[in-house]
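**Q** Following this message is one structure expressed as structure tokens.
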Amino acid sequence: MHRRWKFIGTVLCILLILTAIGCQKTVLDPGAAMRAPAEGADSTGAAGDMREENLEGQAMINEGPADEIVTADGVVMNRERFINQDIFFEFDSSTLSADSQAILKAKAEWMKRNAHLSIIIEGHCDNRGTTEYNLALGERRAESVKRFMQDLGVPDSRVRTISFGEERPLDPGNDEAAWAKNRRAHFEFD
């Protein structure tokens, strides 16, 4: 687990450096609409940027391609991270944690900015329980993620779900660390 957080921290540092040297991005800032325009800025709030309100009422700056966004919570989302960042679940649960919800908010915002893409949400389980039970639990996990993203404005027509149960483990081990990695929803582009 420590290695995973170290890797995530390294990736975030690299992304922040790239952002600092001029990568295109979109910043979601809930307070941006309330602040006075910068000197030399037009009435939209930022020099030459068009502002609009998203579904959650957050100000959004449109600066070009939607390759990468950074939410007001500091969550960075891009195409690679969209696929590689899974949603993890507790044992025998399809309930989304607060951390998972923050990640899914960023994924939903990124999906809305990339309206040409469709996804498949895969539900996965650890190897405890029967095959039938794990297939049903994997389906509940995938559907839970899908409903949350739909509630955030991602159309049903752009999201499919599938359950693999315990058939495609991320970690073939047979201990709590391996099981925790395998209780997940994974994303693929359709």
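Each chain in the structure tokens gets a letter, A, B, ..., in the order shown, and its residues are numbered from 1; ligands are numbered from 1 in order too.
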Pick out the residues sitting within 9 Å of Ile103 (chain A), and hand them over as an NGL selection string; count only C-alpha atoms, and ignore anything fewer than 6 positions along from it in its own chain.

**A** :A and (75-77 or 85-87)

**Q** Which residues are close to Thr95 (chain A), i.e. within 9 Å by only C-alpha atoms, leaving aside same-chain residues fewer than 4 positions away? Reply as an NGL selection string.

**A** :A and (89-90 or 141 or 144)

**Q** Rank A:Arg128, A:Arg184, A:Arg160, A:His116 by their smallest atom-to-atom distance to Leu96 (chain A), using only C-alpha atoms, and report the top residue only.

**A** A:Arg184

**Q** Restricting the calculation to only C-alpha atoms, which member of A:Gln150, A:Asn174, A:Asn127, A:Ser157 is positioned closest to Glu109 (chain A)?

**A**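 Of A:Gln150, A:Asn174, A:Asn127, A:Ser157, the one nearest Glu109 (chain A) is A:Gln150, counting only C-alpha atoms.
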
**Q** Calculate how many Å separate CA of Phe148 (chain A) from CA of Thr131 (chain A), rounding to one decimal.

**A**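 Atom-to-atom, CA of Phe148 (chain A) and CA of Thr131 (chain A) are spaced 25.9 Å apart.
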
**Q** Would you mind listing what lies within 8 Å of Thr161 (chain A) as a list in words, with only C-alpha atoms counted and same-chain residues fewer than 3 positions away left out?

**A**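 Contacts, with the query itself left out: Ile120, Ile121, Glu122, Gly123, Glu139, Ala142, Glu143 and Lys146 of chain A.
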
**Q** Based on the backbone DSSP call, show me all residues of region 89-173 of chain A assigned strand (DSSP E or B), as a ChimeraX atom specification.

**A** /A:119-124,159-165
